[in-house]
file start_4.txt (compact mmCIF, C-alpha atoms)
# COMPACT_ATOMS: atom_id res chain seq x y z
CA MET A 18 1.33 -15.83 -4.28
CA ARG A 19 4.66 -17.44 -5.10
CA ARG A 20 6.85 -19.13 -2.52
CA VAL A 21 10.48 -18.17 -3.14
CA PHE A 22 13.67 -19.77 -1.90
CA VAL A 23 16.43 -17.18 -1.44
CA SER A 24 19.98 -18.38 -2.06
CA TYR A 25 22.90 -16.21 -0.95
CA HIS A 26 26.45 -16.12 0.38
CA HIS A 27 26.52 -15.66 4.17
CA ALA A 28 28.45 -12.37 3.87
CA ASP A 29 25.32 -10.83 2.29
CA GLN A 30 22.96 -11.77 5.12
CA MET A 31 21.87 -8.18 5.90
CA LYS A 32 20.88 -7.52 2.26
CA VAL A 33 18.95 -10.78 2.30
CA LYS A 34 16.96 -9.53 5.27
CA GLY A 35 16.44 -6.25 3.39
CA PHE A 36 15.16 -8.20 0.36
CA ASP A 37 12.74 -10.05 2.61
CA LEU A 38 11.51 -6.74 4.06
CA MET A 39 10.97 -5.26 0.57
CA ARG A 40 7.92 -7.44 0.08
CA HIS A 41 6.14 -5.39 2.74
CA ASN A 42 6.59 -2.19 0.68
CA LYS A 43 3.21 -1.80 -1.07
CA ALA A 44 4.76 0.44 -3.78
CA LEU A 45 6.94 -2.45 -5.01
CA GLN A 46 4.11 -4.98 -5.49
CA LEU A 47 6.19 -7.96 -4.46
CA GLU A 48 3.70 -10.77 -4.05
CA PHE A 49 5.71 -13.67 -2.70
CA THR A 50 6.76 -15.24 0.55
CA THR A 51 10.34 -16.27 1.21
CA ARG A 52 11.47 -19.69 2.39
CA GLY A 53 15.22 -19.15 2.48
CA LEU A 54 17.47 -19.55 5.47
CA LEU A 55 17.49 -15.97 6.77
CA ASP A 56 19.90 -17.10 9.48
CA PRO A 57 22.67 -19.67 9.02
CA VAL A 58 22.09 -23.23 10.22
CA LYS A 59 23.83 -23.74 13.56
CA SER A 60 25.68 -26.89 12.58
CA PHE A 61 28.90 -27.99 10.93
CA ASP A 62 27.38 -31.27 9.68
CA PRO A 63 27.01 -30.97 5.87
CA ALA A 64 24.31 -33.67 5.73
CA TYR A 65 22.21 -31.84 8.33
CA ILE A 66 22.70 -28.47 6.59
CA SER A 67 21.71 -30.04 3.26
CA ARG A 68 18.51 -31.47 4.79
CA CYS A 69 17.64 -28.05 6.27
CA ILE A 70 18.15 -26.33 2.91
CA LYS A 71 16.12 -28.91 0.98
CA GLU A 72 13.32 -28.64 3.55
CA ARG A 73 13.22 -24.86 3.00
CA GLN A 74 13.15 -25.40 -0.79
CA ARG A 75 10.17 -27.75 -0.52
CA GLY A 76 7.00 -26.07 -1.76
CA THR A 77 8.80 -23.22 -3.52
CA SER A 78 8.49 -22.48 -7.24
CA VAL A 79 11.29 -19.93 -7.73
CA THR A 80 14.84 -19.62 -6.42
CA VAL A 81 16.17 -16.07 -6.20
CA VAL A 82 19.96 -15.99 -6.03
CA LEU A 83 21.24 -12.78 -4.44
CA ILE A 84 24.62 -12.30 -6.11
CA GLY A 85 27.30 -10.65 -3.98
CA GLU A 86 31.09 -10.68 -4.16
CA GLY A 87 31.53 -14.24 -2.83
CA THR A 88 28.37 -15.84 -4.22
CA ALA A 89 29.93 -17.38 -7.34
CA ASP A 90 32.57 -19.10 -5.19
CA SER A 91 30.13 -20.51 -2.62
CA ASP A 92 29.77 -24.28 -2.73
CA TRP A 93 26.46 -23.99 -0.87
CA VAL A 94 24.99 -21.56 -3.41
CA GLN A 95 26.06 -23.92 -6.20
CA LYS A 96 24.29 -26.80 -4.43
CA GLU A 97 21.15 -24.72 -3.84
CA ILE A 98 20.98 -23.82 -7.54
CA ARG A 99 21.48 -27.47 -8.53
CA TRP A 100 18.86 -28.72 -6.04
CA SER A 101 16.43 -26.05 -7.28
CA VAL A 102 16.70 -27.34 -10.83
CA GLU A 103 16.66 -31.02 -9.83
CA LYS A 104 13.56 -30.86 -7.62
CA LYS A 105 10.23 -31.95 -9.03
CA PRO A 106 8.85 -29.69 -10.26
CA ALA A 107 11.97 -27.63 -10.84
CA ASN A 108 12.17 -24.07 -9.58
CA GLY A 109 12.50 -21.10 -11.89
CA LEU A 110 15.72 -19.15 -11.37
CA LEU A 111 16.26 -15.43 -10.96
CA GLY A 112 19.52 -13.66 -10.14
CA ILE A 113 19.79 -10.28 -8.45
CA ARG A 114 23.24 -8.68 -8.43
CA LEU A 115 23.91 -6.97 -5.12
CA ASN A 116 27.07 -5.44 -6.59
CA PRO A 117 27.33 -4.56 -10.31
CA ASP A 118 30.76 -6.24 -10.52
CA ALA A 119 29.74 -9.50 -8.83
CA ARG A 120 30.28 -12.64 -10.92
CA VAL A 121 27.17 -14.63 -11.75
CA PRO A 122 27.38 -18.19 -10.33
CA ASP A 123 27.41 -21.22 -12.59
CA GLY A 124 23.95 -22.65 -13.08
CA LEU A 125 22.24 -19.33 -13.73
CA ASP A 126 22.85 -19.51 -17.49
CA GLY A 127 19.70 -18.29 -19.20
CA ALA A 128 18.19 -16.91 -15.99
CA GLU A 129 17.12 -13.30 -15.83
CA ILE A 130 19.66 -11.19 -13.90
CA LEU A 131 18.57 -7.89 -12.32
CA ASN A 132 20.57 -5.29 -10.40
CA TRP A 133 19.86 -4.38 -6.77
CA ASP A 134 21.09 -0.80 -7.21
CA ARG A 135 19.05 0.12 -10.31
CA PRO A 136 15.61 1.50 -9.32
CA GLU A 137 14.06 0.31 -12.58
CA ASP A 138 15.23 -3.23 -11.77
CA VAL A 139 13.98 -3.05 -8.16
CA ARG A 140 10.51 -2.29 -9.51
CA GLU A 141 10.85 -5.43 -11.64
CA PHE A 142 11.67 -7.84 -8.78
CA GLY A 143 8.09 -9.04 -8.32
CA LEU A 144 7.38 -9.36 -12.04
CA ALA A 145 10.70 -11.15 -12.58
CA VAL A 146 9.84 -13.67 -9.85
CA GLU A 147 6.56 -14.34 -11.66
CA ARG A 148 8.34 -14.69 -15.04
CA ALA A 149 10.82 -17.19 -13.55
CA GLY A 150 7.97 -19.24 -12.09
CA ARG A 151 6.07 -19.29 -15.38
CA ALA A 152 9.22 -20.25 -17.31
CA ALA A 153 9.83 -23.22 -14.99
CA ARG A 154 6.21 -24.32 -15.36
CA ARG A 155 6.49 -24.16 -19.17
CA MET A 156 9.64 -26.31 -19.07
CA ALA A 157 7.88 -28.87 -16.87
CA VAL A 158 4.97 -29.08 -19.32
CA ALA A 159 7.07 -29.17 -22.49
CA PRO A 160 10.52 -30.60 -21.65
CA LEU A 161 13.12 -30.56 -24.40
CA GLN A 162 13.24 -33.83 -26.31
CA VAL A 163 15.99 -35.01 -28.64
CA GLY A 164 14.89 -36.51 -31.93
CA VAL A 165 16.12 -40.08 -32.27
CA ALA A 166 16.79 -40.07 -36.01
CA ASP A 167 18.59 -36.77 -36.49
CA GLY A 168 19.57 -35.52 -33.00
CA ASN A 169 17.57 -32.29 -33.40
CA CYS A 170 15.91 -30.73 -30.40
CA MET A 171 12.14 -30.40 -30.47
CA ARG A 172 9.34 -29.46 -28.08
call {"tool": "encode", "arguments": {"input": "start_4.txt", "output": "structure tokens"}}
result
Amino acid sequence: MRRVFVSYHHADQMKVKGFDLMRHNKALQLEFTTRGLLDPVKSFDPAYISRCIKERQRGTSVTVVLIGEGTADSDWVQKEIRWSVEKKPANGLLGIRLNPDARVPDGLDGAEILNWDRPEDVREFGLAVERAGRAARRMAVAPLQVGVADGNCMR
């Protein structure tokens, strides 16, 4: 079972709780546990908030970014994506658009993006989490290397 960190803009908190509840729906086959901050940290100290977020990311293998209207403009979401990729081993990334018009945040380039309001995508949530985790594991095993002589990329 995968441990998933959920990144989101605070305005989308109720949908985040709904996402967390979805894993209890046996018809969806969502086999993961969430480690996100389902409630905001009660502090204004950025260093303390950062420590809390990184603690919640510890032990996770995938970061799911729930993409709402303000997500792409959230400094905290940007940091969570960056920390997810920088941690050892890095987390796989998956985006789920809560609104079809929501802009995808920087840092999710190449990540699979699903849509909350498309039933066929909702059925894919669990499988997509697994795909993101496997992709991150493959990158950890075979990181991209740059050839010294000609600058070509090789595995």
call {"tool": "residues_around", "arguments": {"input": "start_4.txt", "residues": "stretch 80-90 of chain A", "least_positions_apart": "2", "cutoff": "10 Å", "atoms": "all atoms listed in the file", "output": "ChimeraX atom specification"}}
result
/A:20-30,32-33,36,51-53,74,77-78,92-95,97-98,100-102,107-125,130-133,142,145-146,149-150
call {"tool": "write_last_selection", "arguments": {"input": "start_4.txt", "atoms": "C-alpha atoms", "output": "compact mmCIF listing (two decimals), in the frame of the given file"}}
result
# COMPACT_ATOMS: atom_id res chain seq x y z
CA ARG A 20 6.85 -19.13 -2.52
CA VAL A 21 10.48 -18.17 -3.14
CA PHE A 22 13.67 -19.77 -1.90
CA VAL A 23 16.43 -17.18 -1.44
CA SER A 24 19.98 -18.38 -2.06
CA TYR A 25 22.90 -16.21 -0.95
CA HIS A 26 26.45 -16.12 0.38
CA HIS A 27 26.52 -15.66 4.17
CA ALA A 28 28.45 -12.37 3.87
CA ASP A 29 25.32 -10.83 2.29
CA GLN A 30 22.96 -11.77 5.12
CA LYS A 32 20.88 -7.52 2.26
CA VAL A 33 18.95 -10.78 2.30
CA PHE A 36 15.16 -8.20 0.36
CA THR A 51 10.34 -16.27 1.21
CA ARG A 52 11.47 -19.69 2.39
CA GLY A 53 15.22 -19.15 2.48
CA GLN A 74 13.15 -25.40 -0.79
CA THR A 77 8.80 -23.22 -3.52
CA SER A 78 8.49 -22.48 -7.24
CA ASP A 92 29.77 -24.28 -2.73
CA TRP A 93 26.46 -23.99 -0.87
CA VAL A 94 24.99 -21.56 -3.41
CA GLN A 95 26.06 -23.92 -6.20
CA GLU A 97 21.15 -24.72 -3.84
CA ILE A 98 20.98 -23.82 -7.54
CA TRP A 100 18.86 -28.72 -6.04
CA SER A 101 16.43 -26.05 -7.28
CA VAL A 102 16.70 -27.34 -10.83
CA ALA A 107 11.97 -27.63 -10.84
CA ASN A 108 12.17 -24.07 -9.58
CA GLY A 109 12.50 -21.10 -11.89
CA LEU A 110 15.72 -19.15 -11.37
CA LEU A 111 16.26 -15.43 -10.96
CA GLY A 112 19.52 -13.66 -10.14
CA ILE A 113 19.79 -10.28 -8.45
CA ARG A 114 23.24 -8.68 -8.43
CA LEU A 115 23.91 -6.97 -5.12
CA ASN A 116 27.07 -5.44 -6.59
CA PRO A 117 27.33 -4.56 -10.31
CA ASP A 118 30.76 -6.24 -10.52
CA ALA A 119 29.74 -9.50 -8.83
CA ARG A 120 30.28 -12.64 -10.92
CA VAL A 121 27.17 -14.63 -11.75
CA PRO A 122 27.38 -18.19 -10.33
CA ASP A 123 27.41 -21.22 -12.59
CA GLY A 124 23.95 -22.65 -13.08
CA LEU A 125 22.24 -19.33 -13.73
CA ILE A 130 19.66 -11.19 -13.90
CA LEU A 131 18.57 -7.89 -12.32
CA ASN A 132 20.57 -5.29 -10.40
CA TRP A 133 19.86 -4.38 -6.77
CA PHE A 142 11.67 -7.84 -8.78
CA ALA A 145 10.70 -11.15 -12.58
CA VAL A 146 9.84 -13.67 -9.85
CA ALA A 149 10.82 -17.19 -13.55
CA GLY A 150 7.97 -19.24 -12.09
call {"tool": "atom_distance", "arguments": {"input": "start_4.txt", "atom1": "atom CA of A:Arg75", "atom2": "atom CA of A:Arg99"}}
result
13.9 Å
call {"tool": "closest_atom_pairs", "arguments": {"input": "start_4.txt", "of": "stretch 67-105 of chain A", "to": "stretch 56-63 of chain A", "cutoff": "9 Å", "atoms": "all atoms listed in the file", "output": "tab-separated table"}}
result
residue	atom	partner	partner_atom	distance
A:Ser67	CA	A:Pro63	CA	6.0
A:Arg68	CA	A:Pro63	CA	8.6
A:Cys69	CA	A:Val58	CA	7.7
A:Ile70	CA	A:Val58	CA	8.9
call {"tool": "closest_residue", "arguments": {"input": "start_4.txt", "among": "A:Leu45, A:Ala153, A:Leu38, A:Met18", "to": "A:Glu141", "atoms": "all atoms listed in the file"}}
result
A:Leu45
call {"tool": "atom_distance", "arguments": {"input": "start_4.txt", "atom1": "atom CA of A:His41", "atom2": "atom CA of A:Lys105"}}
result
29.3 Å
call {"tool": "atom_distance", "arguments": {"input": "start_4.txt", "atom1": "atom CA of A:Asn42", "atom2": "atom CA of A:Lys71"}}
result
28.4 Å
call {"tool": "axis_aligned_box", "arguments": {"input": "start_4.txt", "around": "stretch 125-137 of chain A", "padding_each_side": "8 Å", "output": "lines of an AutoDock Vina configuration file"}}
result
center_x = 18.5
center_y = -9.0
center_z = -13.0
size_x = 24.8
size_y = 37.0
size_z = 28.4
call {"tool": "decode", "arguments": {"input": "start_4.txt", "residues": "stretch 78-100 of chain A", "atoms": "N, CA and C atoms", "output": "PDB file, in the first residue's frame"}}
result
ATOM      1  N   SER A  78       5.748   7.922  -1.017  1.00  0.00           N
ATOM      2  CA  SER A  78       6.396   7.616  -2.300  1.00  0.00           C
ATOM      3  C   SER A  78       5.745   8.350  -3.470  1.00  0.00           C
ATOM      4  N   VAL A  79       4.598   8.979  -3.227  1.00  0.00           N
ATOM      5  CA  VAL A  79       3.891   9.719  -4.275  1.00  0.00           C
ATOM      6  C   VAL A  79       3.326  11.002  -3.661  1.00  0.00           C
ATOM      7  N   THR A  80       3.394  12.086  -4.434  1.00  0.00           N
ATOM      8  CA  THR A  80       2.722  13.324  -4.065  1.00  0.00           C
ATOM      9  C   THR A  80       1.599  13.555  -5.065  1.00  0.00           C
ATOM     10  N   VAL A  81       0.377  13.635  -4.550  1.00  0.00           N
ATOM     11  CA  VAL A  81      -0.790  13.955  -5.362  1.00  0.00           C
ATOM     12  C   VAL A  81      -1.078  15.434  -5.157  1.00  0.00           C
ATOM     13  N   VAL A  82      -1.065  16.194  -6.248  1.00  0.00           N
ATOM     14  CA  VAL A  82      -1.366  17.617  -6.182  1.00  0.00           C
ATOM     15  C   VAL A  82      -2.803  17.796  -6.656  1.00  0.00           C
ATOM     16  N   LEU A  83      -3.674  18.226  -5.747  1.00  0.00           N
ATOM     17  CA  LEU A  83      -5.056  18.517  -6.105  1.00  0.00           C
ATOM     18  C   LEU A  83      -5.094  19.946  -6.629  1.00  0.00           C
ATOM     19  N   ILE A  84      -5.446  20.103  -7.906  1.00  0.00           N
ATOM     20  CA  ILE A  84      -5.278  21.364  -8.619  1.00  0.00           C
ATOM     21  C   ILE A  84      -6.601  22.118  -8.699  1.00  0.00           C
ATOM     22  N   GLY A  85      -6.720  23.143  -7.870  1.00  0.00           N
ATOM     23  CA  GLY A  85      -7.886  24.023  -7.890  1.00  0.00           C
ATOM     24  C   GLY A  85      -7.519  25.365  -8.500  1.00  0.00           C
ATOM     25  N   GLU A  86      -8.426  26.321  -8.378  1.00  0.00           N
ATOM     26  CA  GLU A  86      -8.227  27.639  -8.990  1.00  0.00           C
ATOM     27  C   GLU A  86      -6.964  28.354  -8.518  1.00  0.00           C
ATOM     28  N   GLY A  87      -6.623  28.278  -7.225  1.00  0.00           N
ATOM     29  CA  GLY A  87      -5.473  29.012  -6.714  1.00  0.00           C
ATOM     30  C   GLY A  87      -4.211  28.189  -6.546  1.00  0.00           C
ATOM     31  N   THR A  88      -4.253  26.928  -6.931  1.00  0.00           N
ATOM     32  CA  THR A  88      -3.123  26.023  -6.674  1.00  0.00           C
ATOM     33  C   THR A  88      -1.846  26.478  -7.371  1.00  0.00           C
ATOM     34  N   ALA A  89      -1.949  26.848  -8.636  1.00  0.00           N
ATOM     35  CA  ALA A  89      -0.749  27.218  -9.401  1.00  0.00           C
ATOM     36  C   ALA A  89      -0.068  28.458  -8.833  1.00  0.00           C
ATOM     37  N   ASP A  90      -0.810  29.285  -8.097  1.00  0.00           N
ATOM     38  CA  ASP A  90      -0.242  30.509  -7.526  1.00  0.00           C
ATOM     39  C   ASP A  90       0.207  30.349  -6.077  1.00  0.00           C
ATOM     40  N   SER A  91       0.060  29.159  -5.522  1.00  0.00           N
ATOM     41  CA  SER A  91       0.403  28.936  -4.120  1.00  0.00           C
ATOM     42  C   SER A  91       1.894  28.663  -3.949  1.00  0.00           C
ATOM     43  N   ASP A  92       2.549  29.523  -3.183  1.00  0.00           N
ATOM     44  CA  ASP A  92       3.970  29.304  -2.895  1.00  0.00           C
ATOM     45  C   ASP A  92       4.175  27.995  -2.146  1.00  0.00           C
ATOM     46  N   TRP A  93       3.256  27.648  -1.243  1.00  0.00           N
ATOM     47  CA  TRP A  93       3.401  26.418  -0.467  1.00  0.00           C
ATOM     48  C   TRP A  93       3.289  25.183  -1.346  1.00  0.00           C
ATOM     49  N   VAL A  94       2.367  25.186  -2.298  1.00  0.00           N
ATOM     50  CA  VAL A  94       2.250  24.043  -3.215  1.00  0.00           C
ATOM     51  C   VAL A  94       3.534  23.915  -4.033  1.00  0.00           C
ATOM     52  N   GLN A  95       4.073  25.037  -4.496  1.00  0.00           N
ATOM     53  CA  GLN A  95       5.330  24.997  -5.249  1.00  0.00           C
ATOM     54  C   GLN A  95       6.445  24.372  -4.406  1.00  0.00           C
ATOM     55  N   LYS A  96       6.520  24.767  -3.140  1.00  0.00           N
ATOM     56  CA  LYS A  96       7.543  24.202  -2.248  1.00  0.00           C
ATOM     57  C   LYS A  96       7.316  22.711  -2.039  1.00  0.00           C
ATOM     58  N   GLU A  97       6.064  22.304  -1.840  1.00  0.00           N
ATOM     59  CA  GLU A  97       5.766  20.888  -1.616  1.00  0.00           C
ATOM     60  C   GLU A  97       6.146  20.040  -2.823  1.00  0.00           C
ATOM     61  N   ILE A  98       5.906  20.558  -4.022  1.00  0.00           N
ATOM     62  CA  ILE A  98       6.310  19.836  -5.235  1.00  0.00           C
ATOM     63  C   ILE A  98       7.833  19.728  -5.280  1.00  0.00           C
ATOM     64  N   ARG A  99       8.508  20.842  -5.034  1.00  0.00           N
ATOM     65  CA  ARG A  99       9.982  20.836  -5.067  1.00  0.00           C
ATOM     66  C   ARG A  99      10.546  19.876  -4.018  1.00  0.00           C
ATOM     67  N   TRP A 100      10.034  19.942  -2.788  1.00  0.00           N
ATOM     68  CA  TRP A 100      10.529  19.046  -1.736  1.00  0.00           C
ATOM     69  C   TRP A 100      10.243  17.588  -2.072  1.00  0.00           C
TER      70      TRP A 100
END
